[in-house]
Amino acid sequence: MNDFLFYVIASAVALLSLLAVTLPNLLHGAIALVGSFFATAAIYIMLQMEFLALAQIALYVGGIVVFMLIIILLTNDLGVDNSLSRVSAGRQAGKGVIIAGLIAALCIFFTSNPSKLLHDATRQAAPVSIDEIGIRLLSTSNGFIVPFEVISLLLLAALIGAVVLSRRENKTEEKEKP
Amino acid sequence: MMPSSVELYPVNNFIGDIVRSIFPQPAAAVINGLLALLSLMALVGSLGAVLIFLERKVSAHFQLRFGPMRVGPHGLLQPLADGIKAIFKEIIKPAGADTFIFFLAPLLPVSAAFLVLAVIPFDHHLQVADPAGGVLYVLGVSGLSILGILLAGWASNNKYSLLGAMRSGAQMVSFEISIALLMLLVVMLSGTASLRGIVLAQEGTIFDWWIFKLPFLGILAFIMYLVASTAELNRTPFDIAEAESELTGGFATEYSGISFAMFFLGEFVNMFVAACLVTTFFLGGFHAPLLGLPLLDPLLKLIPGFLWFFAKAFLIVFLYMWFRWTFPRVRVDQLMYLEWRIMLPASLILLMLSGLFVAQGWVG
């Protein structure tokens, strides 16, 4: 049951990601991207990585894709088919063979050779609760308090910058008015 | 590997128990999930009718009219008639519109509402799923309705639609910041990001609800959340996205028939979802409004929790409607001024102050 579900979702991820990069219309590509983000979140849920799934949806679907859409909507000639110049079929096939070979080699390496690395990784990746993540982020002894604070400072600076920018615009508008 | 018999979000109420007693485990999990989703669909469908009828009646009474009166007693069957009319109307696609996006866009706001309803705790065990990061989920999924509006505006191939969509996108994205900060405040007070946990943290009398718990701060946060959510819902006084005198109908200009009805439904169900979130965050969710009186409290406790929940949610819905029929529409620049110069600094200060309260242990 679970394995079947995994294959369905994984093929959806693969298909939607492929569509996201190959569709000639940028907006269609963006929609395919949203779909693949959701499917990836579903895979995280299957792995019991609940927080990762929620963060994926909140950050990518709720934030980044919306901004991408706004930027795409501001570009010209959207409906026009401006696909990239075609690469010759032989070259594409060559690249495909190389990538497929690499992926196959990796798969064979990890499945035939049950290395200690892989086992340790899977054991460590046991379900992590949102509380543990929060404590780990903010603890001073064994956590990520310094990067966390640096990032929050950066974000605060960006926020204040946005406020300052919008303020200046308001003033010039008021001056222009008679 | 995850064992296949485990339900990630088990249904804990008596219906779930009955299903589990009849069917073997893997099937029971699937049936429980399907039942939960079906009940949500029924809720969304019936809510749309109820809310549209309510809006028409409330607006009519604010304007000293009766509103719909002809179809059924007091016009009760009017939503049904409207629904049938919408289904049988022709859907006109403008020339040069992008077919796929044009028909996809109306579905997104309703799906956002549907997905958020899945984590709302209607009663102690009346909740489809309770993820530990429920607040994050709510924030992320509500992005879908912004997506729907942006895509609708672009796909209509019409300047008014695109203008309306861009205004609406800018508005929703900016007010989402305030909403997120105020949600963070509630999460900080409750010590959990699960919606059920937030409700359970407000257990006790009416003075344990977050709106009254913090002296003055709670009610301020409540009012700011109401303002920000009204703006995010694109409702008057913040409905500049579809200001009909300037933009004819905003992003929905080119839509007709059932695809317009889907936008309409999405808007109304999203209003109810926002009201549910206000109820969960500030008004104690499914808890009865106990006053600490020895005689009255047991009586109030007799009423089941989901009735309290719906009563509170519809009270907030009535507030939203009251706003709509009382205040005039603001201008675009006034709207942005409100968010970036007033709401954002205010919510940051509020967050800091309540952080101080929590750190000092002044909150329960």
# chains A, B, ... in the order shown; residues from 1 in each chain; ligands from 1
call {"tool": "select_by_dssp", "arguments": {"residues": "region 77-190 of chain B", "states": "helix (DSSP H, G or I)", "output": "ChimeraX atom specification"}}
result
/B:78-88,99-104,107-117,134-141,143-155,159-190
call {"tool": "write_last_selection", "arguments": {"atoms": "C-alpha atoms", "output": "short mmCIF file (atom, residue, chain, number, x, y, z; two decimals), in the first residue's frame"}}
result
data_model
loop_
_atom_site.label_atom_id
_atom_site.label_comp_id
_atom_site.auth_asym_id
_atom_site.auth_seq_id
_atom_site.Cartn_x
_atom_site.Cartn_y
_atom_site.Cartn_z
CA GLN B 78 -32.83 31.45 -2.64
CA PRO B 79 -29.25 29.99 -2.51
CA LEU B 80 -30.57 26.82 -4.17
CA ALA B 81 -32.16 28.84 -6.97
CA ASP B 82 -28.97 30.88 -7.37
CA GLY B 83 -26.89 27.71 -7.50
CA ILE B 84 -29.06 26.14 -10.20
CA LYS B 85 -28.94 29.36 -12.20
CA ALA B 86 -25.12 29.52 -11.93
CA ILE B 87 -24.72 25.91 -13.06
CA PHE B 88 -26.87 26.34 -16.15
CA THR B 99 -7.76 28.01 -21.43
CA PHE B 100 -5.98 25.85 -18.87
CA ILE B 101 -5.22 28.63 -16.40
CA PHE B 102 -8.61 30.28 -16.99
CA PHE B 103 -10.42 27.18 -15.78
CA LEU B 104 -7.86 26.21 -13.12
CA LEU B 107 -10.73 26.16 -8.17
CA LEU B 108 -7.77 27.40 -6.13
CA PRO B 109 -9.44 29.71 -3.55
CA VAL B 110 -12.01 27.02 -2.70
CA SER B 111 -9.28 24.39 -2.38
CA ALA B 112 -7.37 26.68 -0.03
CA ALA B 113 -10.45 27.03 2.17
CA PHE B 114 -11.03 23.29 2.02
CA LEU B 115 -7.44 22.49 3.00
CA VAL B 116 -7.45 24.90 5.93
CA LEU B 117 -10.76 23.50 7.22
CA GLY B 134 -0.77 23.54 12.14
CA VAL B 135 -0.22 27.29 12.11
CA LEU B 136 2.53 26.92 9.51
CA TYR B 137 0.22 24.78 7.42
CA VAL B 138 -2.54 27.39 7.57
CA LEU B 139 -0.14 30.12 6.47
CA GLY B 140 1.22 28.05 3.61
CA VAL B 141 -2.02 26.74 2.21
CA GLY B 143 -1.16 31.13 -0.34
CA LEU B 144 -3.20 29.07 -2.81
CA SER B 145 -5.99 31.62 -2.84
CA ILE B 146 -3.53 34.40 -3.75
CA LEU B 147 -2.30 32.13 -6.52
CA GLY B 148 -5.83 31.63 -7.81
CA ILE B 149 -6.55 35.34 -7.93
CA LEU B 150 -3.25 36.20 -9.66
CA LEU B 151 -3.74 33.48 -12.27
CA ALA B 152 -7.37 34.46 -12.86
CA GLY B 153 -6.36 38.05 -13.47
CA TRP B 154 -3.71 37.10 -15.96
CA ALA B 155 -5.62 34.38 -17.76
CA LYS B 159 -6.48 44.94 -18.30
CA TYR B 160 -9.02 45.41 -15.51
CA SER B 161 -8.64 41.81 -14.43
CA LEU B 162 -4.85 42.04 -14.38
CA LEU B 163 -4.92 45.32 -12.45
CA GLY B 164 -7.34 43.86 -9.94
CA ALA B 165 -5.24 40.74 -9.57
CA MET B 166 -2.02 42.68 -9.01
CA ARG B 167 -3.66 44.93 -6.43
CA SER B 168 -5.15 41.95 -4.71
CA GLY B 169 -1.88 40.02 -4.74
CA ALA B 170 0.05 42.95 -3.29
CA GLN B 171 -2.59 43.46 -0.64
CA MET B 172 -2.83 39.84 0.41
CA VAL B 173 0.94 39.37 0.52
CA SER B 174 1.45 42.47 2.67
CA PHE B 175 -1.32 41.75 5.12
CA GLU B 176 -0.18 38.16 5.46
CA ILE B 177 2.88 39.51 7.28
CA SER B 178 0.76 41.03 10.03
CA ILE B 179 -1.37 37.92 10.20
CA ALA B 180 1.71 35.72 10.53
CA LEU B 181 3.13 37.93 13.30
CA LEU B 182 -0.15 37.86 15.23
CA MET B 183 -0.37 34.08 14.79
CA LEU B 184 3.17 33.89 16.15
CA LEU B 185 2.01 35.84 19.18
CA VAL B 186 -0.72 33.29 19.83
CA VAL B 187 1.71 30.41 19.28
CA MET B 188 4.11 32.00 21.75
CA LEU B 189 1.38 32.36 24.39
CA SER B 190 0.07 28.83 23.92
#
call {"tool": "closest_atom_pairs", "arguments": {"of": "chain A", "to": "chain B", "cutoff": "7 Å", "atoms": "only C-alpha atoms", "output": "tab-separated table"}}
result
residue	atom	partner	partner_atom	distance
A:Asn2	CA	B:Ser4	CA	6.2
A:Phe51	CA	B:Gly133	CA	6.5
A:Leu54	CA	B:Tyr137	CA	5.4
A:Ala55	CA	B:Leu136	CA	6.9
A:Ile57	CA	B:Gly140	CA	5.2
A:Ala58	CA	B:Gly140	CA	3.4
A:Leu59	CA	B:Gly140	CA	6.8
A:Val61	CA	B:Gly140	CA	6.3
A:Gly62	CA	B:Gly143	CA	4.1
A:Val66	CA	B:Leu147	CA	6.2
A:Ile130	CA	B:Ala132	CA	6.6
A:Val163	CA	B:Trp340	CA	6.0
call {"tool": "write_last_selection", "arguments": {"atoms": "C-alpha atoms", "output": "compact mmCIF listing (two decimals), in the first residue's frame"}}
result
# COMPACT_ATOMS: atom_id res chain seq x y z
CA ASN A 2 2.62 2.52 1.12
CA PHE A 51 7.75 19.89 9.90
CA LEU A 54 4.82 22.10 6.36
CA ALA A 55 7.84 24.33 5.88
CA ILE A 57 4.33 24.31 1.70
CA ALA A 58 4.56 27.50 3.77
CA LEU A 59 7.80 28.75 2.20
CA VAL A 61 3.79 27.53 -2.15
CA GLY A 62 2.79 30.33 0.22
CA VAL A 66 3.53 33.90 -5.28
CA ILE A 130 8.68 20.51 15.85
CA VAL A 163 9.15 50.27 5.13
call {"tool": "residues_around", "arguments": {"residues": "Ala41 (chain A)", "least_positions_apart": "2", "cutoff": "7 Å", "atoms": "only C-alpha atoms", "output": "tab-separated table (two decimals) with N, CA and C atoms, in the first residue's frame"}}
result
chain	number	residue	atom	x	y	z
A	37	PHE	N	5.91	20.89	-5.83
A	37	PHE	CA	6.18	21.20	-4.42
A	37	PHE	C	5.22	20.45	-3.51
A	38	PHE	N	3.93	20.42	-3.92
A	38	PHE	CA	2.94	19.72	-3.10
A	38	PHE	C	3.27	18.23	-3.04
A	39	ALA	N	3.64	17.66	-4.20
A	39	ALA	CA	3.93	16.23	-4.21
A	39	ALA	C	5.16	15.93	-3.36
A	43	ILE	N	5.66	13.45	-0.06
A	43	ILE	CA	6.72	12.46	0.22
A	43	ILE	C	7.31	12.69	1.61
A	44	TYR	N	7.52	13.96	1.96
A	44	TYR	CA	8.03	14.25	3.31
A	44	TYR	C	7.07	13.71	4.37
A	45	ILE	N	5.76	13.89	4.13
A	45	ILE	CA	4.76	13.38	5.09
A	45	ILE	C	4.88	11.87	5.21
A	53	ALA	N	7.62	19.04	5.66
A	53	ALA	CA	6.53	19.17	4.69
A	53	ALA	C	5.82	20.50	4.86
A	56	GLN	N	7.93	23.29	3.69
A	56	GLN	CA	7.97	23.28	2.24
A	56	GLN	C	6.75	24.01	1.67
A	57	ILE	N	5.56	23.68	2.21
A	57	ILE	CA	4.33	24.31	1.70
A	57	ILE	C	4.32	25.80	2.06
call {"tool": "closest_residue", "arguments": {"among": "B:Trp362, B:Phe357, B:Phe264, B:Phe306", "to": "Glu55 (chain B)", "atoms": "only C-alpha atoms"}}
result
B:Phe264
call {"tool": "residues_around", "arguments": {"residues": "Leu37 (chain B)", "least_positions_apart": "4", "cutoff": "12 Å", "atoms": "only C-alpha atoms", "output": "JSON, numbers by chain"}}
result
{"B": [11, 30, 31, 32, 33, 41, 42, 43, 44, 114, 115, 117, 118, 119, 127, 128, 129]}
call {"tool": "write_last_selection", "arguments": {"atoms": "N, CA and C atoms", "output": "short mmCIF file (atom, residue, chain, number, x, y, z; two decimals), in the first residue's frame"}}
result
data_model
loop_
_atom_site.label_atom_id
_atom_site.label_comp_id
_atom_site.auth_asym_id
_atom_site.auth_seq_id
_atom_site.Cartn_x
_atom_site.Cartn_y
_atom_site.Cartn_z
N VAL B 11 -8.53 9.25 13.35
CA VAL B 11 -9.81 9.85 13.71
C VAL B 11 -10.19 9.30 15.07
N VAL B 30 -8.16 4.00 5.61
CA VAL B 30 -8.56 4.63 4.35
C VAL B 30 -10.00 5.13 4.44
N ILE B 31 -10.89 4.27 5.01
CA ILE B 31 -12.31 4.65 5.08
C ILE B 31 -12.48 5.85 5.99
N ASN B 32 -11.76 5.87 7.12
CA ASN B 32 -11.85 7.02 8.02
C ASN B 32 -11.43 8.30 7.32
N GLY B 33 -10.32 8.21 6.57
CA GLY B 33 -9.85 9.40 5.86
C GLY B 33 -10.87 9.87 4.85
N MET B 41 -16.30 18.16 2.55
CA MET B 41 -16.93 18.62 1.31
C MET B 41 -18.36 19.06 1.58
N ALA B 42 -19.08 18.25 2.37
CA ALA B 42 -20.46 18.62 2.69
C ALA B 42 -20.50 19.95 3.41
N LEU B 43 -19.53 20.14 4.33
CA LEU B 43 -19.47 21.39 5.09
C LEU B 43 -19.25 22.57 4.16
N VAL B 44 -18.27 22.43 3.23
CA VAL B 44 -17.96 23.53 2.32
C VAL B 44 -19.18 23.87 1.47
N PHE B 114 -10.82 24.70 1.71
CA PHE B 114 -11.03 23.29 2.02
C PHE B 114 -9.85 22.73 2.82
N LEU B 115 -8.63 23.03 2.35
CA LEU B 115 -7.44 22.49 3.00
C LEU B 115 -7.27 23.06 4.40
N LEU B 117 -9.71 24.08 6.36
CA LEU B 117 -10.76 23.50 7.22
C LEU B 117 -10.34 22.15 7.78
N ALA B 118 -9.42 21.47 7.07
CA ALA B 118 -9.00 20.14 7.52
C ALA B 118 -8.26 20.18 8.85
N VAL B 119 -7.68 21.31 9.23
CA VAL B 119 -6.94 21.33 10.50
C VAL B 119 -7.68 22.09 11.59
N GLN B 127 -11.82 16.86 14.21
CA GLN B 127 -10.77 17.54 13.47
C GLN B 127 -10.17 16.50 12.54
N VAL B 128 -10.02 16.86 11.26
CA VAL B 128 -9.55 15.85 10.31
C VAL B 128 -8.10 15.48 10.60
N ALA B 129 -7.25 16.48 10.79
CA ALA B 129 -5.84 16.21 11.08
C ALA B 129 -5.34 17.27 12.04
#
call {"tool": "residues_around", "arguments": {"residues": "region 317-325 of chain B", "least_positions_apart": "6", "cutoff": "10 Å", "atoms": "only C-alpha atoms", "output": "PyMOL selection string"}}
result
chain B and resi 51+54-56+58-60+62-63+226-227+229-230+233+235-239+268+271-276+311
call {"tool": "residues_around", "arguments": {"residues": "region 295-298 of chain B", "least_positions_apart": "6", "cutoff": "10 Å", "atoms": "only C-alpha atoms", "output": "number ranges by chain"}}
result
B: 205, 288-289
call {"tool": "write_last_selection", "arguments": {"atoms": "N, CA and C atoms", "output": "PDB file, in the first residue's frame"}}
result
ATOM      1  N   THR B 205     -12.164  29.515  32.330  1.00  0.00           N
ATOM      2  CA  THR B 205     -13.252  30.469  32.159  1.00  0.00           C
ATOM      3  C   THR B 205     -12.988  31.358  30.956  1.00  0.00           C
ATOM      4  N   ALA B 288     -16.738  26.307  26.195  1.00  0.00           N
ATOM      5  CA  ALA B 288     -17.911  27.101  26.528  1.00  0.00           C
ATOM      6  C   ALA B 288     -17.464  28.368  27.255  1.00  0.00           C
ATOM      7  N   PRO B 289     -18.185  29.470  27.068  1.00  0.00           N
ATOM      8  CA  PRO B 289     -17.802  30.719  27.747  1.00  0.00           C
ATOM      9  C   PRO B 289     -18.189  30.689  29.220  1.00  0.00           C
TER      10      PRO B 289
END
call {"tool": "atom_distance", "arguments": {"atom1": "CA of Gly45 (chain B)", "atom2": "CA of Ile15 (chain B)"}}
result
21.5 Å
call {"tool": "closest_residue", "arguments": {"among": "A:Leu102, A:Ile135, A:Ile72, A:Met46", "to": "Asn25 (chain A)", "atoms": "only C-alpha atoms"}}
result
A:Ile72
